[in-house]
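To be precise, the following lines are input.txt, and they hold compact mmCIF, C-alpha atoms.
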# COMPACT_ATOMS: atom_id res chain seq x y z
CA MET A 1 170.57 -85.82 8.56
CA GLU A 2 169.11 -87.33 5.42
CA GLU A 3 166.97 -90.42 5.78
CA SER A 4 168.51 -93.34 3.90
CA PHE A 5 166.64 -94.47 0.80
CA LYS A 6 167.10 -96.53 -2.31
CA LEU A 7 165.81 -96.28 -5.85
CA ARG A 8 164.37 -99.43 -7.38
CA ALA A 9 161.72 -100.76 -9.73
CA TRP A 10 158.09 -100.89 -8.60
CA THR A 11 156.49 -104.23 -7.63
CA LYS A 12 152.98 -105.41 -6.84
CA ALA A 13 153.99 -105.57 -3.17
CA ASP A 14 154.12 -101.73 -3.23
CA ILE A 15 150.39 -101.33 -3.91
CA PRO A 16 149.30 -100.75 -0.27
CA ALA A 17 152.10 -98.24 0.42
CA VAL A 18 151.56 -96.21 -2.75
CA ALA A 19 147.80 -96.09 -2.11
CA LYS A 20 148.42 -94.95 1.48
CA HIS A 21 150.95 -92.23 0.62
CA LEU A 22 149.33 -90.87 -2.56
CA ASN A 23 145.92 -90.48 -0.94
CA ASN A 24 147.12 -87.08 0.27
CA LYS A 25 145.64 -83.83 -1.03
CA LYS A 26 148.86 -81.93 -0.28
CA ILE A 27 150.65 -84.16 -2.80
CA TRP A 28 147.79 -83.99 -5.31
CA ASP A 29 147.76 -80.17 -5.06
CA ASN A 30 151.23 -80.13 -6.66
CA CYS A 31 150.63 -82.75 -9.37
CA ARG A 32 148.70 -82.86 -12.61
CA ASP A 33 144.97 -83.48 -12.35
CA ALA A 34 145.48 -86.82 -14.16
CA LEU A 35 146.66 -88.18 -10.79
CA PRO A 36 143.47 -89.43 -9.13
CA TYR A 37 142.32 -88.01 -5.81
CA PRO A 38 141.24 -89.63 -3.62
CA TYR A 39 143.84 -92.27 -4.50
CA THR A 40 142.76 -95.87 -3.97
CA GLU A 41 144.37 -99.31 -4.03
CA LYS A 42 142.75 -99.83 -7.44
CA ASP A 43 144.58 -96.70 -8.70
CA ALA A 44 147.82 -98.11 -7.26
CA GLU A 45 147.21 -101.46 -8.97
CA GLN A 46 146.71 -99.70 -12.31
CA PHE A 47 149.89 -97.67 -11.82
CA ILE A 48 151.98 -100.74 -10.93
CA SER A 49 150.59 -102.68 -13.91
CA PHE A 50 151.43 -99.73 -16.17
CA VAL A 51 155.05 -99.40 -14.98
CA GLU A 52 155.65 -103.15 -15.01
CA GLY A 53 154.59 -103.18 -18.68
CA GLN A 54 156.96 -100.44 -19.80
CA SER A 55 159.85 -101.37 -22.07
CA GLU A 56 162.13 -98.58 -20.80
CA GLN A 57 163.03 -97.98 -17.13
CA ASN A 58 161.51 -94.56 -16.55
CA ASN A 59 159.74 -94.87 -13.17
CA TYR A 60 161.80 -95.18 -10.03
CA CYS A 61 160.34 -96.20 -6.69
CA ILE A 62 161.87 -94.37 -3.73
CA GLU A 63 162.05 -96.85 -0.88
CA ILE A 64 162.48 -95.60 2.68
CA ASN A 65 162.43 -97.88 5.74
CA HIS A 66 161.59 -100.89 3.54
CA GLU A 67 158.47 -99.18 2.14
CA ALA A 68 157.63 -97.47 -1.15
CA ALA A 69 157.51 -93.76 -0.28
CA GLY A 70 157.77 -91.88 -3.57
CA ASN A 71 158.24 -91.95 -7.31
CA ILE A 72 160.41 -90.28 -9.93
CA SER A 73 159.24 -90.58 -13.52
CA PHE A 74 160.39 -89.54 -16.96
CA ILE A 75 157.90 -89.11 -19.80
CA ARG A 76 159.47 -88.98 -23.25
CA GLY A 77 158.57 -86.26 -25.69
CA THR A 78 157.41 -87.04 -29.20
CA ASP A 79 158.12 -85.78 -32.71
CA VAL A 80 160.64 -82.91 -32.62
CA GLU A 81 160.78 -83.17 -28.82
CA ARG A 82 161.71 -86.87 -28.89
CA TYR A 83 165.06 -86.24 -27.15
CA ASN A 84 163.29 -84.52 -24.24
CA ALA A 85 161.71 -86.03 -21.15
CA GLU A 86 159.42 -84.47 -18.58
CA LEU A 87 160.37 -85.18 -14.97
CA GLY A 88 157.63 -85.85 -12.44
CA TYR A 89 158.01 -86.81 -8.80
CA TRP A 90 156.33 -87.10 -5.44
CA LEU A 91 157.44 -88.06 -1.95
CA ALA A 92 155.39 -89.20 1.05
CA GLU A 93 154.74 -86.26 3.36
CA PRO A 94 156.60 -87.67 6.43
CA TYR A 95 159.84 -87.37 4.41
CA TRP A 96 159.43 -83.80 3.14
CA ASN A 97 162.16 -81.22 3.84
CA GLN A 98 164.84 -83.80 4.64
CA GLY A 99 166.94 -83.47 1.48
CA ILE A 100 165.86 -86.86 0.15
CA MET A 101 164.19 -85.82 -3.09
CA SER A 102 167.01 -83.70 -4.52
CA VAL A 103 169.50 -86.56 -4.02
CA ALA A 104 167.02 -89.10 -5.38
CA ILE A 105 166.39 -86.97 -8.48
CA LYS A 106 170.15 -86.63 -9.12
CA LEU A 107 170.55 -90.42 -8.96
CA ALA A 108 167.48 -91.14 -11.10
CA VAL A 109 168.52 -88.57 -13.73
CA GLU A 110 172.01 -90.08 -13.88
CA ASP A 111 170.61 -93.58 -14.33
CA TYR A 112 167.96 -92.52 -16.85
CA LEU A 113 170.44 -90.58 -18.99
CA SER A 114 172.85 -93.54 -18.92
CA HIS A 115 170.39 -95.83 -20.73
CA SER A 116 168.41 -93.41 -22.90
CA ASP A 117 169.20 -91.02 -25.72
CA THR A 118 167.48 -88.17 -23.90
CA VAL A 119 169.36 -84.87 -24.07
CA ARG A 120 167.06 -82.54 -22.10
CA ILE A 121 164.94 -83.13 -19.00
CA HIS A 122 162.41 -80.55 -17.92
CA ALA A 123 160.02 -80.13 -14.99
CA ASN A 124 157.14 -77.78 -14.23
CA VAL A 125 156.36 -76.48 -10.74
CA TYR A 126 153.32 -74.49 -9.62
CA GLU A 127 154.01 -71.06 -8.14
CA ASN A 128 152.90 -72.07 -4.65
CA ASN A 129 155.51 -74.83 -4.32
CA PRO A 130 158.87 -73.17 -3.53
CA ALA A 131 160.11 -76.35 -1.81
CA SER A 132 159.90 -78.23 -5.11
CA MET A 133 161.73 -75.41 -6.90
CA LYS A 134 164.53 -75.71 -4.33
CA VAL A 135 164.62 -79.51 -4.83
CA LEU A 136 165.16 -79.07 -8.57
CA GLU A 137 167.84 -76.41 -8.12
CA LYS A 138 169.71 -78.63 -5.62
CA ALA A 139 169.47 -81.48 -8.16
CA GLY A 140 171.21 -79.36 -10.83
CA PHE A 141 168.21 -78.00 -12.75
CA HIS A 142 168.03 -74.36 -13.86
CA LYS A 143 164.94 -72.20 -14.05
CA CYS A 144 164.39 -71.40 -17.71
CA GLY A 145 161.18 -69.40 -17.44
CA ILE A 146 157.82 -68.74 -15.89
CA PHE A 147 154.63 -69.27 -17.84
CA ARG A 148 152.16 -66.80 -16.33
CA LYS A 149 148.79 -68.27 -15.33
CA ALA A 150 149.52 -71.29 -17.57
CA CYS A 151 147.97 -73.94 -15.32
CA PHE A 152 144.49 -74.27 -13.85
CA LYS A 153 144.67 -76.08 -10.52
CA ASN A 154 142.17 -76.16 -7.66
CA GLY A 155 139.85 -73.69 -9.38
CA GLN A 156 142.42 -70.99 -10.09
CA PHE A 157 145.05 -70.04 -12.65
CA VAL A 158 148.61 -70.36 -11.37
CA ASP A 159 152.03 -69.56 -12.76
CA CYS A 160 154.12 -72.49 -13.95
CA HIS A 161 157.84 -72.30 -13.17
CA CYS A 162 159.84 -74.23 -15.76
CA TYR A 163 163.14 -75.97 -15.02
CA GLU A 164 165.55 -77.84 -17.26
CA LEU A 165 168.69 -79.90 -17.22
CA VAL A 166 170.57 -80.34 -20.50
CA SER A 167 173.14 -83.10 -20.96
CA LEU A 168 175.77 -81.18 -22.91
CA LYS A 169 178.04 -84.24 -23.21
CA LYS A 170 175.39 -85.90 -25.40
CA ILE A 171 175.22 -83.01 -27.89
CA ASN A 172 178.84 -81.82 -28.04

For the file at hand, write its structure as C-alpha cells.
Amino acid sequence: MEESFKLRAWTKADIPAVAKHLNNKKIWDNCRDALPYPYTEKDAEQFISFVEGQSEQNNYCIEINHEAAGNISFIRGTDVERYNAELGYWLAEPYWNQGIMSVAIKLAVEDYLSHSDTVRIHANVYENNPASMKVLEKAGFHKCGIFRKACFKNGQFVDCHCYELVSLKKIN
C-alpha cells in the first residue's frame, strides 16, 4: 500500500530533513553533478532560499510523515524551447519502490501545467536506473529516445533515456 504524502511548497523548516535525505550517494548517482555530494545543511539552506525566491511555483516538496522527503522540479526552457520544461525529482530512500513518486509526479505535472504555458515536459534517466524509467511511464510519460553515451557520471559514459509528456490540449 502506498505511503500517504502531500505536495507543498518548501519552507526553512525543511532544511534539516532535506540535508539528511539528500546526503545519500544512491540519490546523487542518479542526479546531475550540479547537486552537491556530500550534501550539507548549508546546501539545503541555499536550495530553500532559491526556491522561496522563485516567482513561479516549480518546485514541489514531497512531505511524508510530516517530514520533507523529496522534491519534484520543473526547469523552463529558453528561446525556441520556452514552452518546454525539464522534470527533475528525487525521493528519500526509505520510500523507494512504494509507488509514491509516480503518483506525486502526476499531481505535480497537473498542477504545474494548470498555471504555466508549458506544452511539453521532458525528463532524462541514466541507463542504470530502470526504477526511475518505470516511475515516468506510470506517470504518463513516453520514452522518446536513447542518447547513447550522452552523459558522463561517476567516471563513465552512460546512455541517457529520454522521456516526454506533451499536453495536446494546449496545442490543439

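From CA of Glu45 in chain A back to CA of Leu107 in chain A, the distance works out to 25.8 Å.
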
To box range 39-51 of chain A, take all atoms listed in the file, fit an axis-aligned box, add 8 Å on each side, and give centre and edge lengths in Å to one decimal, as AutoDock Vina command-line options.
--center_x 148.9 --center_y -97.5 --center_z -10.1 --size_x 28.3 --size_y 26.4 --size_z 28.2

Name all residues at most 10 Å from range 38-43 of chain A (count all atoms listed in the file; drop same-chain ones fewer than 4 positions away) and give them as a PyMOL selection string. chain A and resi 15-25+28+47-49

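Closest approach to Val109 in chain A among A:Gly140, A:Pro130, A:Pro94, A:Gly53 is made by A:Gly140 (distances from only C-alpha atoms).
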
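Each of A:Leu165, A:Ala139, A:Cys61, A:Val51 was compared to Ala85 in chain A using all atoms listed in the file, and A:Leu165 turns out to be the nearest.
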
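With only C-alpha atoms as the basis for measurement, A:Lys6 is the residue among A:Arg82, A:Lys6, A:Lys106, A:Arg120 that approaches Ala69 in chain A most closely.
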
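Between CA of Ile62 in chain A and CA of Phe141 in chain A there is a distance of 19.7 Å.
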
Take range 19-39 of chain A, bring it up to N, CA and C atoms, and give me the output as a PDB file, keeping the file's coordinate frame.
ATOM      1  N   ALA A  19     149.175 -96.548  -2.338  1.00  0.00           N
ATOM      2  CA  ALA A  19     147.800 -96.090  -2.110  1.00  0.00           C
ATOM      3  C   ALA A  19     147.724 -95.248  -0.827  1.00  0.00           C
ATOM      4  N   LYS A  20     148.418 -95.686   0.208  1.00  0.00           N
ATOM      5  CA  LYS A  20     148.420 -94.950   1.480  1.00  0.00           C
ATOM      6  C   LYS A  20     149.043 -93.558   1.321  1.00  0.00           C
ATOM      7  N   HIS A  21     150.221 -93.505   0.702  1.00  0.00           N
ATOM      8  CA  HIS A  21     150.950 -92.230   0.620  1.00  0.00           C
ATOM      9  C   HIS A  21     150.365 -91.265  -0.409  1.00  0.00           C
ATOM     10  N   LEU A  22     149.845 -91.777  -1.523  1.00  0.00           N
ATOM     11  CA  LEU A  22     149.330 -90.870  -2.560  1.00  0.00           C
ATOM     12  C   LEU A  22     147.910 -90.399  -2.283  1.00  0.00           C
ATOM     13  N   ASN A  23     147.250 -90.964  -1.312  1.00  0.00           N
ATOM     14  CA  ASN A  23     145.920 -90.480  -0.940  1.00  0.00           C
ATOM     15  C   ASN A  23     146.091 -89.285   0.001  1.00  0.00           C
ATOM     16  N   ASN A  24     146.743 -88.253  -0.520  1.00  0.00           N
ATOM     17  CA  ASN A  24     147.120 -87.080   0.270  1.00  0.00           C
ATOM     18  C   ASN A  24     146.895 -85.844  -0.602  1.00  0.00           C
ATOM     19  N   LYS A  25     145.970 -85.006  -0.212  1.00  0.00           N
ATOM     20  CA  LYS A  25     145.640 -83.830  -1.030  1.00  0.00           C
ATOM     21  C   LYS A  25     146.821 -82.882  -1.172  1.00  0.00           C
ATOM     22  N   LYS A  26     147.688 -82.816  -0.175  1.00  0.00           N
ATOM     23  CA  LYS A  26     148.860 -81.930  -0.280  1.00  0.00           C
ATOM     24  C   LYS A  26     149.761 -82.372  -1.429  1.00  0.00           C
ATOM     25  N   ILE A  27     149.869 -83.669  -1.653  1.00  0.00           N
ATOM     26  CA  ILE A  27     150.650 -84.160  -2.800  1.00  0.00           C
ATOM     27  C   ILE A  27     149.898 -83.858  -4.078  1.00  0.00           C
ATOM     28  N   TRP A  28     148.600 -84.201  -4.110  1.00  0.00           N
ATOM     29  CA  TRP A  28     147.790 -83.990  -5.310  1.00  0.00           C
ATOM     30  C   TRP A  28     147.783 -82.514  -5.724  1.00  0.00           C
ATOM     31  N   ASP A  29     147.786 -81.605  -4.768  1.00  0.00           N
ATOM     32  CA  ASP A  29     147.760 -80.170  -5.060  1.00  0.00           C
ATOM     33  C   ASP A  29     148.943 -79.730  -5.914  1.00  0.00           C
ATOM     34  N   ASN A  30     150.023 -80.508  -5.917  1.00  0.00           N
ATOM     35  CA  ASN A  30     151.230 -80.130  -6.660  1.00  0.00           C
ATOM     36  C   ASN A  30     151.495 -81.022  -7.865  1.00  0.00           C
ATOM     37  N   CYS A  31     150.505 -81.850  -8.215  1.00  0.00           N
ATOM     38  CA  CYS A  31     150.630 -82.750  -9.370  1.00  0.00           C
ATOM     39  C   CYS A  31     149.575 -82.409 -10.414  1.00  0.00           C
ATOM     40  N   ARG A  32     149.707 -83.026 -11.562  1.00  0.00           N
ATOM     41  CA  ARG A  32     148.700 -82.860 -12.610  1.00  0.00           C
ATOM     42  C   ARG A  32     147.382 -83.476 -12.158  1.00  0.00           C
ATOM     43  N   ASP A  33     146.287 -82.965 -12.701  1.00  0.00           N
ATOM     44  CA  ASP A  33     144.970 -83.480 -12.350  1.00  0.00           C
ATOM     45  C   ASP A  33     144.764 -84.922 -12.812  1.00  0.00           C
ATOM     46  N   ALA A  34     145.593 -85.423 -13.709  1.00  0.00           N
ATOM     47  CA  ALA A  34     145.480 -86.820 -14.160  1.00  0.00           C
ATOM     48  C   ALA A  34     145.739 -87.793 -13.002  1.00  0.00           C
ATOM     49  N   LEU A  35     146.464 -87.348 -11.974  1.00  0.00           N
ATOM     50  CA  LEU A  35     146.660 -88.180 -10.790  1.00  0.00           C
ATOM     51  C   LEU A  35     145.336 -88.204 -10.034  1.00  0.00           C
ATOM     52  N   PRO A  36     144.766 -89.379  -9.817  1.00  0.00           N
ATOM     53  CA  PRO A  36     143.470 -89.430  -9.130  1.00  0.00           C
ATOM     54  C   PRO A  36     143.551 -88.957  -7.680  1.00  0.00           C
ATOM     55  N   TYR A  37     142.486 -88.331  -7.231  1.00  0.00           N
ATOM     56  CA  TYR A  37     142.320 -88.010  -5.810  1.00  0.00           C
ATOM     57  C   TYR A  37     140.845 -88.060  -5.498  1.00  0.00           C
ATOM     58  N   PRO A  38     140.418 -88.779  -4.477  1.00  0.00           N
ATOM     59  CA  PRO A  38     141.240 -89.630  -3.620  1.00  0.00           C
ATOM     60  C   PRO A  38     141.924 -90.750  -4.399  1.00  0.00           C
ATOM     61  N   TYR A  39     143.034 -91.225  -3.863  1.00  0.00           N
ATOM     62  CA  TYR A  39     143.840 -92.270  -4.500  1.00  0.00           C
ATOM     63  C   TYR A  39     143.577 -93.579  -3.794  1.00  0.00           C
TER      64      TYR A  39
END
